[in-house]
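What follows is the content of model-v1.pdb, which has PDB, C-alpha atoms:
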ATOM      1  CA  MET K   1      14.037  -6.383  22.254
ATOM      2  CA  GLN K   2      11.732  -4.667  19.772
ATOM      3  CA  ARG K   3      13.288  -3.316  16.591
ATOM      4  CA  TYR K   4      12.452  -0.217  14.558
ATOM      5  CA  VAL K   5      10.185   1.139  17.304
ATOM      6  CA  ARG K   6      10.632   4.763  16.257
ATOM      7  CA  GLU K   7      10.317   4.022  12.551
ATOM      8  CA  ARG K   8       7.084   2.141  13.082
ATOM      9  CA  ARG K   9       5.589   4.889  15.223
ATOM     10  CA  ILE K  10       6.525   7.678  12.818
ATOM     11  CA  ALA K  11       5.227   5.651   9.876
ATOM     12  CA  GLU K  12       1.902   5.072  11.628
ATOM     13  CA  LEU K  13       1.488   8.739  12.566
ATOM     14  CA  ALA K  14       2.321   9.831   9.013
ATOM     15  CA  VAL K  15      -0.055   7.319   7.423
ATOM     16  CA  GLU K  16      -2.800   8.294   9.862
ATOM     17  CA  ARG K  17      -2.414  11.967   8.913
ATOM     18  CA  ALA K  18      -2.498  11.063   5.221
ATOM     19  CA  CYS K  19      -5.643   8.963   5.734
ATOM     20  CA  LYS K  20      -7.355  11.950   7.348
ATOM     21  CA  LEU K  21      -6.287  14.047   4.369
ATOM     22  CA  THR K  22      -7.925  11.580   1.964
ATOM     23  CA  SER K  23     -11.110  11.763   4.027
ATOM     24  CA  ILE K  24     -11.233  15.532   3.582
ATOM     25  CA  VAL K  25     -11.103  15.027  -0.189
ATOM     26  CA  SER K  26     -13.672  12.242  -0.342
ATOM     27  CA  GLY K  27     -15.981  14.232   1.931
ATOM     28  CA  SER K  28     -15.766  17.318  -0.287
ATOM     29  CA  GLN K  29     -16.328  15.411  -3.550
ATOM     30  CA  GLN K  30     -13.645  17.667  -5.093
ATOM     31  CA  THR K  31     -11.002  15.145  -6.050
ATOM     32  CA  GLY K  32      -9.104  17.342  -8.492
ATOM     33  CA  SER K  33      -8.498  14.293 -10.679
ATOM     34  CA  VAL K  34      -6.127  14.627 -13.631
ATOM     35  CA  SER K  35      -4.395  12.111 -15.888
ATOM     36  CA  LYS K  36      -0.675  11.381 -15.782
ATOM     37  CA  SER K  37       1.425  10.661 -18.850
ATOM     38  CA  ASP K  38       0.565   6.941 -18.610
ATOM     39  CA  HIS K  39      -3.163   7.896 -18.534
ATOM     40  CA  SER K  40      -3.584   6.668 -14.959
ATOM     41  CA  PRO K  41      -5.556   9.026 -12.693
ATOM     42  CA  VAL K  42      -3.991  11.096  -9.925
ATOM     43  CA  THR K  43      -5.903  13.280  -7.469
ATOM     44  CA  VAL K  44      -5.187  16.072  -5.023
ATOM     45  CA  ALA K  45      -5.273  13.336  -2.350
ATOM     46  CA  ASP K  46      -2.353  11.493  -4.020
ATOM     47  CA  PHE K  47      -0.233  14.647  -4.059
ATOM     48  CA  GLY K  48      -1.278  15.794  -0.599
ATOM     49  CA  ALA K  49      -0.742  12.397   1.034
ATOM     50  CA  GLN K  50       2.723  12.086  -0.497
ATOM     51  CA  ALA K  51       3.623  15.561   0.755
ATOM     52  CA  VAL K  52       2.527  15.006   4.363
ATOM     53  CA  ILE K  53       4.133  11.555   4.622
ATOM     54  CA  ILE K  54       7.471  12.574   3.147
ATOM     55  CA  GLY K  55       7.333  15.757   5.238
ATOM     56  CA  ALA K  56       7.053  13.560   8.339
ATOM     57  CA  LEU K  57       9.900  11.314   7.210
ATOM     58  CA  GLN K  58      12.091  14.321   6.428
ATOM     59  CA  THR K  59      11.404  15.748   9.889
ATOM     60  CA  VAL K  60      12.630  12.605  11.646
ATOM     61  CA  PHE K  61      14.770  10.663   9.156
ATOM     62  CA  ALA K  62      16.106  13.436   6.958
ATOM     63  CA  GLU K  63      18.708  11.327   5.151
ATOM     64  CA  ASP K  64      16.407   8.467   4.196
ATOM     65  CA  PRO K  65      15.565   8.281   0.470
ATOM     66  CA  VAL K  66      11.988   7.587  -0.594
ATOM     67  CA  VAL K  67      10.701   5.654  -3.600
ATOM     68  CA  GLY K  68       7.304   7.295  -4.099
ATOM     69  CA  GLU K  69       4.734   7.141  -6.857
ATOM     70  CA  GLU K  70       4.139  10.829  -7.569
ATOM     71  CA  ASP K  71       6.166  13.877  -8.585
ATOM     72  CA  SER K  72       5.265  17.574  -8.579
ATOM     73  CA  SER K  73       5.593  18.313 -12.308
ATOM     74  CA  ILE K  74       1.828  18.639 -12.842
ATOM     75  CA  LEU K  75       1.443  20.892  -9.795
ATOM     76  CA  ARG K  76       4.287  23.187 -10.861
ATOM     77  CA  LYS K  77       2.437  23.843 -14.128
ATOM     78  CA  ASP K  78      -1.098  24.185 -12.724
ATOM     79  CA  ASP K  79      -1.508  27.060 -10.239
ATOM     80  CA  GLY K  80      -5.098  26.158  -9.383
ATOM     81  CA  LEU K  81      -4.392  22.519  -8.677
ATOM     82  CA  ARG K  82      -1.272  23.409  -6.685
ATOM     83  CA  GLU K  83      -3.234  25.811  -4.484
ATOM     84  CA  GLN K  84      -5.915  23.152  -3.961
ATOM     85  CA  VAL K  85      -3.319  20.648  -2.757
ATOM     86  CA  TRP K  86      -1.583  23.221  -0.553
ATOM     87  CA  LYS K  87      -4.876  24.111   1.141
ATOM     88  CA  LEU K  88      -5.516  20.423   1.734
ATOM     89  CA  VAL K  89      -2.054  19.806   3.204
ATOM     90  CA  ARG K  90      -2.407  22.750   5.591
ATOM     91  CA  GLU K  91      -5.806  21.544   6.764
ATOM     92  CA  ALA K  92      -4.670  17.950   7.297
ATOM     93  CA  SER K  93      -1.696  19.038   9.393
ATOM     94  CA  HIS K  94      -4.043  20.641  11.915
ATOM     95  CA  LEU K  95      -6.317  17.609  12.355
ATOM     96  CA  ASP K  96      -3.931  15.888  14.777
ATOM     97  CA  THR K  97      -1.603  16.691  17.647
ATOM     98  CA  TYR K  98       1.503  15.130  16.133
ATOM     99  CA  GLN K  99       3.313  18.341  15.111
ATOM    100  CA  THR K 100       5.993  17.917  17.794
ATOM    101  CA  GLU K 101       6.790  14.413  16.484
ATOM    102  CA  ILE K 102       6.363  14.634  12.728
ATOM    103  CA  GLY K 103       6.221  18.379  12.113
ATOM    104  CA  GLN K 104       4.074  19.941   9.414
ATOM    105  CA  VAL K 105       4.579  21.169   5.868
ATOM    106  CA  GLU K 106       5.670  24.791   6.243
ATOM    107  CA  SER K 107       5.263  26.247   2.757
ATOM    108  CA  GLU K 108       3.984  25.583  -0.715
ATOM    109  CA  GLU K 109       7.537  25.236  -2.045
ATOM    110  CA  LYS K 110       8.430  22.744   0.680
ATOM    111  CA  MET K 111       5.308  20.778  -0.227
ATOM    112  CA  LEU K 112       6.518  20.473  -3.816
ATOM    113  CA  ASN K 113      10.020  19.558  -2.698
ATOM    114  CA  TYR K 114       8.711  16.878  -0.334
ATOM    115  CA  ILE K 115       6.692  15.349  -3.160
ATOM    116  CA  ASP K 116       9.803  15.293  -5.356
ATOM    117  CA  TRP K 117      11.908  13.701  -2.604
ATOM    118  CA  GLY K 118       9.979  10.558  -3.544
ATOM    119  CA  GLN K 119      11.800  10.197  -6.864
ATOM    120  CA  PHE K 120      14.591   7.980  -5.576
ATOM    121  CA  GLU K 121      15.376   5.176  -8.017
ATOM    122  CA  GLY K 122      15.697   2.447  -5.388
ATOM    123  CA  GLY K 123      18.042  -0.517  -5.719
ATOM    124  CA  LYS K 124      20.525  -2.175  -3.387
ATOM    125  CA  VAL K 125      20.883   0.474  -0.705
ATOM    126  CA  LYS K 126      21.217   0.307   3.060
ATOM    127  CA  ARG K 127      17.895   1.957   3.824
ATOM    128  CA  MET K 128      14.943   3.456   1.924
ATOM    129  CA  TRP K 129      11.185   3.922   2.180
ATOM    130  CA  ALA K 130       8.589   2.831  -0.395
ATOM    131  CA  LEU K 131       5.451   4.966  -0.539
ATOM    132  CA  ASP K 132       2.138   4.715  -2.333
ATOM    133  CA  PRO K 133       0.196   7.759  -1.100
ATOM    134  CA  VAL K 134      -3.154   6.554  -2.493
ATOM    135  CA  ASP K 135      -2.965   2.970  -3.676
ATOM    136  CA  GLY K 136      -6.065   2.232  -5.724
ATOM    137  CA  THR K 137      -6.856   5.722  -7.015
ATOM    138  CA  LYS K 138      -9.721   4.371  -9.131
ATOM    139  CA  GLY K 139     -11.196   2.768  -6.015
ATOM    140  CA  PHE K 140     -10.802   6.071  -4.193
ATOM    141  CA  LEU K 141     -12.612   7.907  -6.985
ATOM    142  CA  ARG K 142     -15.552   5.475  -6.950
ATOM    143  CA  GLY K 143     -15.819   5.468  -3.151
ATOM    144  CA  GLY K 144     -14.444   1.929  -2.885
ATOM    145  CA  GLN K 145     -11.352   0.531  -1.229
ATOM    146  CA  PHE K 146      -7.996   2.275  -1.374
ATOM    147  CA  ALA K 147      -4.963   2.345   0.893
ATOM    148  CA  VAL K 148      -2.164   4.606   2.084
ATOM    149  CA  CYS K 149       0.971   2.462   2.134
ATOM    150  CA  LEU K 150       4.424   3.065   3.593
ATOM    151  CA  ALA K 151       7.266   0.589   4.075
ATOM    152  CA  LEU K 152      10.844   0.743   5.296
ATOM    153  CA  ILE K 153      13.288  -1.414   3.335
ATOM    154  CA  VAL K 154      16.704  -2.166   4.858
ATOM    155  CA  ASP K 155      19.299  -4.075   2.847
ATOM    156  CA  SER K 156      16.575  -4.996   0.317
ATOM    157  CA  GLN K 157      14.317  -6.527   2.999
ATOM    158  CA  VAL K 158      11.027  -4.969   4.105
ATOM    159  CA  VAL K 159      11.321  -4.454   7.874
ATOM    160  CA  VAL K 160       8.428  -2.072   8.636
ATOM    161  CA  GLY K 161       5.094  -1.916   6.844
ATOM    162  CA  VAL K 162       2.063   0.300   7.493
ATOM    163  CA  ILE K 163      -1.196   0.264   5.531
ATOM    164  CA  GLY K 164      -4.068   2.665   6.180
ATOM    165  CA  CYS K 165      -7.475   1.668   4.802
ATOM    166  CA  PRO K 166      -9.961   4.511   5.420
ATOM    167  CA  ASN K 167     -12.929   2.685   3.835
ATOM    168  CA  LEU K 168     -12.363  -0.785   5.300
ATOM    169  CA  LEU K 169     -14.786  -1.946   7.992
ATOM    170  CA  VAL K 170     -13.235  -2.159  11.447
ATOM    171  CA  ASP K 171     -15.065  -5.453  11.909
ATOM    172  CA  PRO K 172     -15.883  -7.184   8.608
ATOM    173  CA  ALA K 173     -18.737  -9.054  10.296
ATOM    174  CA  ASP K 174     -20.379  -5.886  11.647
ATOM    175  CA  GLU K 175     -21.567  -3.183   9.267
ATOM    176  CA  SER K 176     -22.081  -0.841  12.239
ATOM    177  CA  SER K 177     -18.475  -1.134  13.445
ATOM    178  CA  GLY K 178     -17.389   1.909  11.474
ATOM    179  CA  LYS K 179     -14.755   2.329   8.791
ATOM    180  CA  GLY K 180     -11.056   3.057   8.865
ATOM    181  CA  VAL K 181      -8.289   0.653   9.888
ATOM    182  CA  ILE K 182      -4.505   0.967  10.191
ATOM    183  CA  PHE K 183      -2.398  -2.165   9.843
ATOM    184  CA  SER K 184       1.259  -2.381  10.843
ATOM    185  CA  ALA K 185       4.049  -4.922  11.033
ATOM    186  CA  VAL K 186       7.711  -5.142  11.934
ATOM    187  CA  ALA K 187       9.751  -8.068  10.646
ATOM    188  CA  GLY K 188       9.806 -10.844  13.228
ATOM    189  CA  GLU K 189       7.285  -9.168  15.541
ATOM    190  CA  GLY K 190       3.859 -10.016  14.122
ATOM    191  CA  ALA K 191       1.105  -8.057  12.380
ATOM    192  CA  PHE K 192      -1.324  -5.705  14.085
ATOM    193  CA  SER K 193      -4.395  -3.583  13.373
ATOM    194  CA  ARG K 194      -6.349  -0.826  15.067
ATOM    195  CA  PRO K 195      -9.236   1.464  14.174
ATOM    196  CA  LEU K 196      -7.990   4.595  12.431
ATOM    197  CA  ALA K 197      -9.512   6.753  15.165
ATOM    198  CA  SER K 198      -7.873   4.813  18.024
ATOM    199  CA  PRO K 199      -4.452   5.412  19.619
ATOM    200  CA  ILE K 200      -1.407   3.461  18.481
ATOM    201  CA  ASP K 201      -1.198   1.428  21.670
ATOM    202  CA  SER K 202      -4.691   0.003  21.062
ATOM    203  CA  ALA K 203      -3.501  -2.215  18.193
ATOM    204  CA  VAL K 204      -4.249  -5.934  18.439
ATOM    205  CA  GLN K 205      -2.417  -8.793  16.762
ATOM    206  CA  ILE K 206      -3.980 -10.307  13.640
ATOM    207  CA  SER K 207      -3.432 -13.561  11.796
ATOM    208  CA  MET K 208      -4.320 -15.339   8.586
ATOM    209  CA  SER K 209      -7.296 -17.690   8.524
ATOM    210  CA  SER K 210      -6.719 -21.283   9.587
ATOM    211  CA  VAL K 211      -8.124 -22.750   6.361
ATOM    212  CA  THR K 212      -6.013 -25.658   5.087
ATOM    213  CA  ASP K 213      -8.503 -27.095   2.588
ATOM    214  CA  THR K 214      -8.594 -24.894  -0.511
ATOM    215  CA  THR K 215     -12.199 -25.907  -1.243
ATOM    216  CA  ALA K 216     -13.165 -23.870   1.831
ATOM    217  CA  ALA K 217     -11.044 -20.882   0.799
ATOM    218  CA  SER K 218     -11.959 -17.625  -0.895
ATOM    219  CA  PHE K 219     -10.080 -15.440  -3.354
ATOM    220  CA  CYS K 220      -9.327 -11.755  -2.987
ATOM    221  CA  GLU K 221      -8.472 -10.098  -6.297
ATOM    222  CA  SER K 222      -8.322  -6.779  -8.112
ATOM    223  CA  VAL K 223     -11.427  -4.966  -9.296
ATOM    224  CA  GLU K 224      -9.706  -3.815 -12.477
ATOM    225  CA  ALA K 225      -9.348  -6.529 -15.131
ATOM    226  CA  GLY K 226      -6.443  -4.493 -16.495
ATOM    227  CA  HIS K 227      -4.506  -5.155 -13.285
ATOM    228  CA  SER K 228      -4.878  -8.921 -13.125
ATOM    229  CA  SER K 229      -6.063 -11.778 -15.321
ATOM    230  CA  HIS K 230      -9.541 -12.610 -14.012
ATOM    231  CA  GLY K 231     -10.002 -15.406 -16.540
ATOM    232  CA  GLN K 232      -6.909 -17.322 -15.484
ATOM    233  CA  GLN K 233      -7.737 -16.753 -11.843
ATOM    234  CA  ALA K 234     -11.214 -18.218 -12.338
ATOM    235  CA  GLU K 235      -9.634 -21.361 -13.813
ATOM    236  CA  ILE K 236      -7.243 -21.584 -10.861
ATOM    237  CA  ALA K 237     -10.210 -21.326  -8.497
ATOM    238  CA  ARG K 238     -11.875 -24.215 -10.350
ATOM    239  CA  LEU K 239      -8.764 -26.393 -10.016
ATOM    240  CA  LEU K 240      -8.606 -25.658  -6.297
ATOM    241  CA  GLY K 241     -12.282 -26.445  -5.824
ATOM    242  CA  ILE K 242     -13.076 -22.914  -4.697
ATOM    243  CA  THR K 243     -16.777 -22.146  -5.065
ATOM    244  CA  LYS K 244     -17.084 -19.006  -2.968
ATOM    245  CA  PRO K 245     -17.368 -15.831  -5.063
ATOM    246  CA  SER K 246     -14.172 -13.768  -5.264
ATOM    247  CA  VAL K 247     -13.925 -10.666  -3.137
ATOM    248  CA  ARG K 248     -12.808  -7.889  -5.463
ATOM    249  CA  MET K 249     -11.288  -4.711  -4.123
ATOM    250  CA  ASP K 250      -8.672  -2.185  -5.112
ATOM    251  CA  SER K 251      -5.261  -1.596  -3.551
ATOM    252  CA  GLN K 252      -3.210  -3.245  -0.826
ATOM    253  CA  ALA K 253      -6.436  -3.481   1.168
ATOM    254  CA  LYS K 254      -6.408  -7.009  -0.332
ATOM    255  CA  TYR K 255      -3.223  -7.861   1.550
ATOM    256  CA  ALA K 256      -4.706  -6.365   4.717
ATOM    257  CA  SER K 257      -7.943  -8.304   4.302
ATOM    258  CA  ILE K 258      -6.316 -11.704   3.986
ATOM    259  CA  ALA K 259      -3.829 -10.859   6.763
ATOM    260  CA  ARG K 260      -6.706 -10.502   9.228
ATOM    261  CA  GLY K 261      -8.567 -13.520   7.887
ATOM    262  CA  ASP K 262     -11.314 -11.881   5.795
ATOM    263  CA  GLY K 263     -10.171 -13.904   2.783
ATOM    264  CA  ASP K 264      -7.600 -16.605   2.187
ATOM    265  CA  ILE K 265      -5.785 -16.169  -1.134
ATOM    266  CA  TYR K 266      -4.691 -13.094  -3.082
ATOM    267  CA  LEU K 267      -3.779 -13.603  -6.720
ATOM    268  CA  ARG K 268      -2.479 -11.012  -9.136
ATOM    269  CA  LEU K 269      -1.506 -12.622 -12.428
ATOM    270  CA  PRO K 270      -0.016 -10.355 -15.094
ATOM    271  CA  VAL K 271      -2.068  -9.360 -18.113
ATOM    272  CA  SER K 272       1.068  -8.285 -19.990
ATOM    273  CA  ALA K 273       4.399 -10.066 -20.438
ATOM    274  CA  THR K 274       6.248  -6.752 -20.152
ATOM    275  CA  TYR K 275       4.497  -5.278 -17.101
ATOM    276  CA  GLU K 276       6.665  -4.825 -13.996
ATOM    277  CA  GLU K 277       5.019  -4.474 -10.593
ATOM    278  CA  LYS K 278       5.997  -1.358  -8.632
ATOM    279  CA  ILE K 279       7.669  -1.889  -5.275
ATOM    280  CA  TRP K 280       5.312   0.565  -3.531
ATOM    281  CA  ASP K 281       2.340  -1.594  -4.547
ATOM    282  CA  HIS K 282       3.594  -4.610  -2.592
ATOM    283  CA  ALA K 283       6.225  -3.763   0.038
ATOM    284  CA  SER K 284       3.878  -3.119   2.975
ATOM    285  CA  GLY K 285       1.435  -5.891   2.078
ATOM    286  CA  ASN K 286       4.216  -8.416   1.595
ATOM    287  CA  LEU K 287       5.435  -7.902   5.169
ATOM    288  CA  LEU K 288       1.940  -7.700   6.678
ATOM    289  CA  VAL K 289       0.913 -11.080   5.257
ATOM    290  CA  ALA K 290       4.225 -12.697   6.230
ATOM    291  CA  GLU K 291       3.925 -11.458   9.805
ATOM    292  CA  ALA K 292       0.296 -12.632   9.958
ATOM    293  CA  GLY K 293       1.472 -16.169   9.224
ATOM    294  CA  GLY K 294       1.226 -16.221   5.443
ATOM    295  CA  ILE K 295       3.627 -16.193   2.546
ATOM    296  CA  VAL K 296       3.930 -13.973  -0.532
ATOM    297  CA  THR K 297       5.766 -15.045  -3.686
ATOM    298  CA  ASP K 298       5.590 -14.411  -7.387
ATOM    299  CA  MET K 299       3.693 -16.885  -9.571
ATOM    300  CA  TYR K 300       6.773 -19.112  -9.806
ATOM    301  CA  GLY K 301       7.215 -19.350  -6.050
ATOM    302  CA  ASN K 302      10.099 -16.868  -5.835
ATOM    303  CA  PRO K 303      10.247 -14.319  -2.995
ATOM    304  CA  LEU K 304       9.659 -10.709  -4.023
ATOM    305  CA  ASP K 305      12.954  -8.931  -4.748
ATOM    306  CA  PHE K 306      12.945  -5.295  -3.622
ATOM    307  CA  SER K 307      16.571  -4.661  -4.655
ATOM    308  CA  GLN K 308      15.954  -4.043  -8.353
ATOM    309  CA  GLY K 309      14.963  -0.382  -8.382
ATOM    310  CA  ARG K 310      11.463   1.053  -8.542
ATOM    311  CA  THR K 311       9.952  -2.184  -9.864
ATOM    312  CA  LEU K 312       9.937  -5.903  -9.070
ATOM    313  CA  LYS K 313      11.612  -6.601 -12.396
ATOM    314  CA  LYS K 314      12.760 -10.079 -11.361
ATOM    315  CA  ASN K 315       9.247 -11.179 -10.381
ATOM    316  CA  LYS K 316       6.080 -11.935 -12.344
ATOM    317  CA  GLY K 317       2.669 -12.016 -10.715
ATOM    318  CA  ILE K 318       1.780 -12.209  -7.029
ATOM    319  CA  VAL K 319       0.509 -15.168  -4.982
ATOM    320  CA  ALA K 320      -0.278 -14.611  -1.303
ATOM    321  CA  ALA K 321      -1.766 -17.320   0.890
ATOM    322  CA  SER K 322      -1.323 -19.208   4.136
ATOM    323  CA  LYS K 323       1.737 -21.423   4.454
ATOM    324  CA  ALA K 324      -0.568 -24.442   4.396
ATOM    325  CA  THR K 325      -2.295 -23.579   1.110
ATOM    326  CA  GLN K 326       0.473 -21.762  -0.820
ATOM    327  CA  PRO K 327       1.986 -24.945  -2.382
ATOM    328  CA  LYS K 328      -1.421 -26.052  -3.698
ATOM    329  CA  VAL K 329      -2.152 -22.598  -5.076
ATOM    330  CA  LEU K 330       1.216 -22.394  -6.829
ATOM    331  CA  GLU K 331       0.663 -25.851  -8.341
ATOM    332  CA  ALA K 332      -2.675 -24.727  -9.778
ATOM    333  CA  VAL K 333      -1.140 -21.483 -11.046
ATOM    334  CA  GLN K 334       1.587 -23.390 -12.888
ATOM    335  CA  LYS K 335      -0.932 -25.757 -14.472
ATOM    336  CA  VAL K 336      -3.037 -22.882 -15.796
ATOM    337  CA  LEU K 337       0.027 -21.027 -17.067
ATOM    338  CA  GLN K 338       1.251 -24.106 -18.925
ATOM    339  CA  GLU K 339      -2.136 -24.570 -20.593
ATOM    340  CA  SER K 340      -2.511 -20.941 -21.659
TER
END
Please rewrite the model in this file as structure tokens.
Amino acid sequence: MQRYVRERRIAELAVERACKLTSIVSGSQQTGSVSKSDHSPVTVADFGAQAVIIGALQTVFAEDPVVGEEDSSILRKDDGLREQVWKLVREASHLDTYQTEIGQVESEEKMLNYIDWGQFEGGKVKRMWALDPVDGTKGFLRGGQFAVCLALIVDSQVVVGVIGCPNLLVDPADESSGKGVIFSAVAGEGAFSRPLASPIDSAVQISMSSVTDTTAASFCESVEAGHSSHGQQAEIARLLGITKPSVRMDSQAKYASIARGDGDIYLRLPVSATYEEKIWDHASGNLLVAEAGGIVTDMYGNPLDFSQGRTLKKNKGIVAASKATQPKVLEAVQKVLQES
């Protein structure tokens, strides 16, 4: 018997709507980009996507808390930016026929309240959602890869994960295949993908590559050097005998890419001893890779712990690979860490 059928469907519909919203923004070239207090960029797409996704969750699962990346404080102070986001949210809600299932955002004030519903602190709770409305905002701004990511966490375990990648090729081997893919997974039931423009029931199962020899493998890593230590990762590649150039892209599109076999290994080694990964940056991808036949751990081989609040404070770094290659990758990671 399939589990979390309704949760998966609602999550997919919400992520699909948010992906269409991001396409409106990228098509208009009016990103409305501002800087948050930590100097990271946030756009009207980030705010709008968080509003439409939490609006959908509130329509169906009203009691579920959400750990989301954004809050409405900037919008409440900036009338122009708030109106820009509200216009975007209204437009996106009319691009699909899902109103009877996931509703629509009814007012500007509700939009702000939905965004702020994402301020849950997380921790050891029965049930919560983790949301990154636009993962890889810098990639989004440069026209590169980004992702809309939503995951359901029950008793600290990720049980549903959905990742929308509007700029990812449907078929990585065919430039004419079009862009836009939605990936989904339910714990114990496999990983699936479908073109963004196709119906939910068209999804097909995906799996990690069958590479067992690391010399034939390829890395997938972050574009931003500030997100991951490229130097250490290059040394790890040398130890593993990897000669293929690394595929660099922003966001959880990396998890999605290795889950369907585009690449083989995803490394994210910390550039700071104090940095804590956010749960919304890894929840969906963690499940997708696991259900595609891979394994995700921190750089010490520990499973990711989603019970610690808004961050993975008990974990350092990320290593995702097939079950066959993960031990070799971890061995190389440890050697490089000991030498640094």
> Can you tell me, as a ChimeraX atom specification, what residues are no more than 8 Å from Ala18 of chain K when counting all atoms listed in the file, ignoring any on the same chain fewer than 5 positions away?
Replying inline: /K:48-50,52-53,92,133,148
> From the set K:Gly144, K:Gly285, K:Gly293, K:Pro172, which residue has the shortest atom-to-atom contact distance to Val159 of chain K, counting all atoms listed in the file?
Replying inline: K:Gly285
>> Since I can't run it myself right now, could you work out what the PyMOL selection byres ((chain K and resi 239-253) around 6) selects here and report it as a ChimeraX atom specification?
In response: /K:135-136,139,145-147,214-215,218-223,236-238,254-257
> Distance atom CA of Arg142 of chain K-atom CA of Gly118 of chain K, one decimal place?
Replying inline: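 According to the coordinates, atom CA of Arg142 of chain K and atom CA of Gly118 of chain K are separated by 26.3 Å.
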Quick check on the file I pasted: which residues fall under the PyMOL selection byres ((chain K and resi 96-103) around 8)? Write them as a compact mmCIF listing (two decimals) with C-alpha atoms, keeping the file's coordinate frame.
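Writing the result to result-v3.txt gives the following:
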# COMPACT_ATOMS: atom_id res chain seq x y z
CA ILE K 10 6.52 7.68 12.82
CA LEU K 13 1.49 8.74 12.57
CA ALA K 14 2.32 9.83 9.01
CA ARG K 17 -2.41 11.97 8.91
CA GLY K 55 7.33 15.76 5.24
CA ALA K 56 7.05 13.56 8.34
CA LEU K 57 9.90 11.31 7.21
CA THR K 59 11.40 15.75 9.89
CA VAL K 60 12.63 12.60 11.65
CA ALA K 92 -4.67 17.95 7.30
CA SER K 93 -1.70 19.04 9.39
CA HIS K 94 -4.04 20.64 11.92
CA LEU K 95 -6.32 17.61 12.36
CA GLN K 104 4.07 19.94 9.41
CA VAL K 105 4.58 21.17 5.87
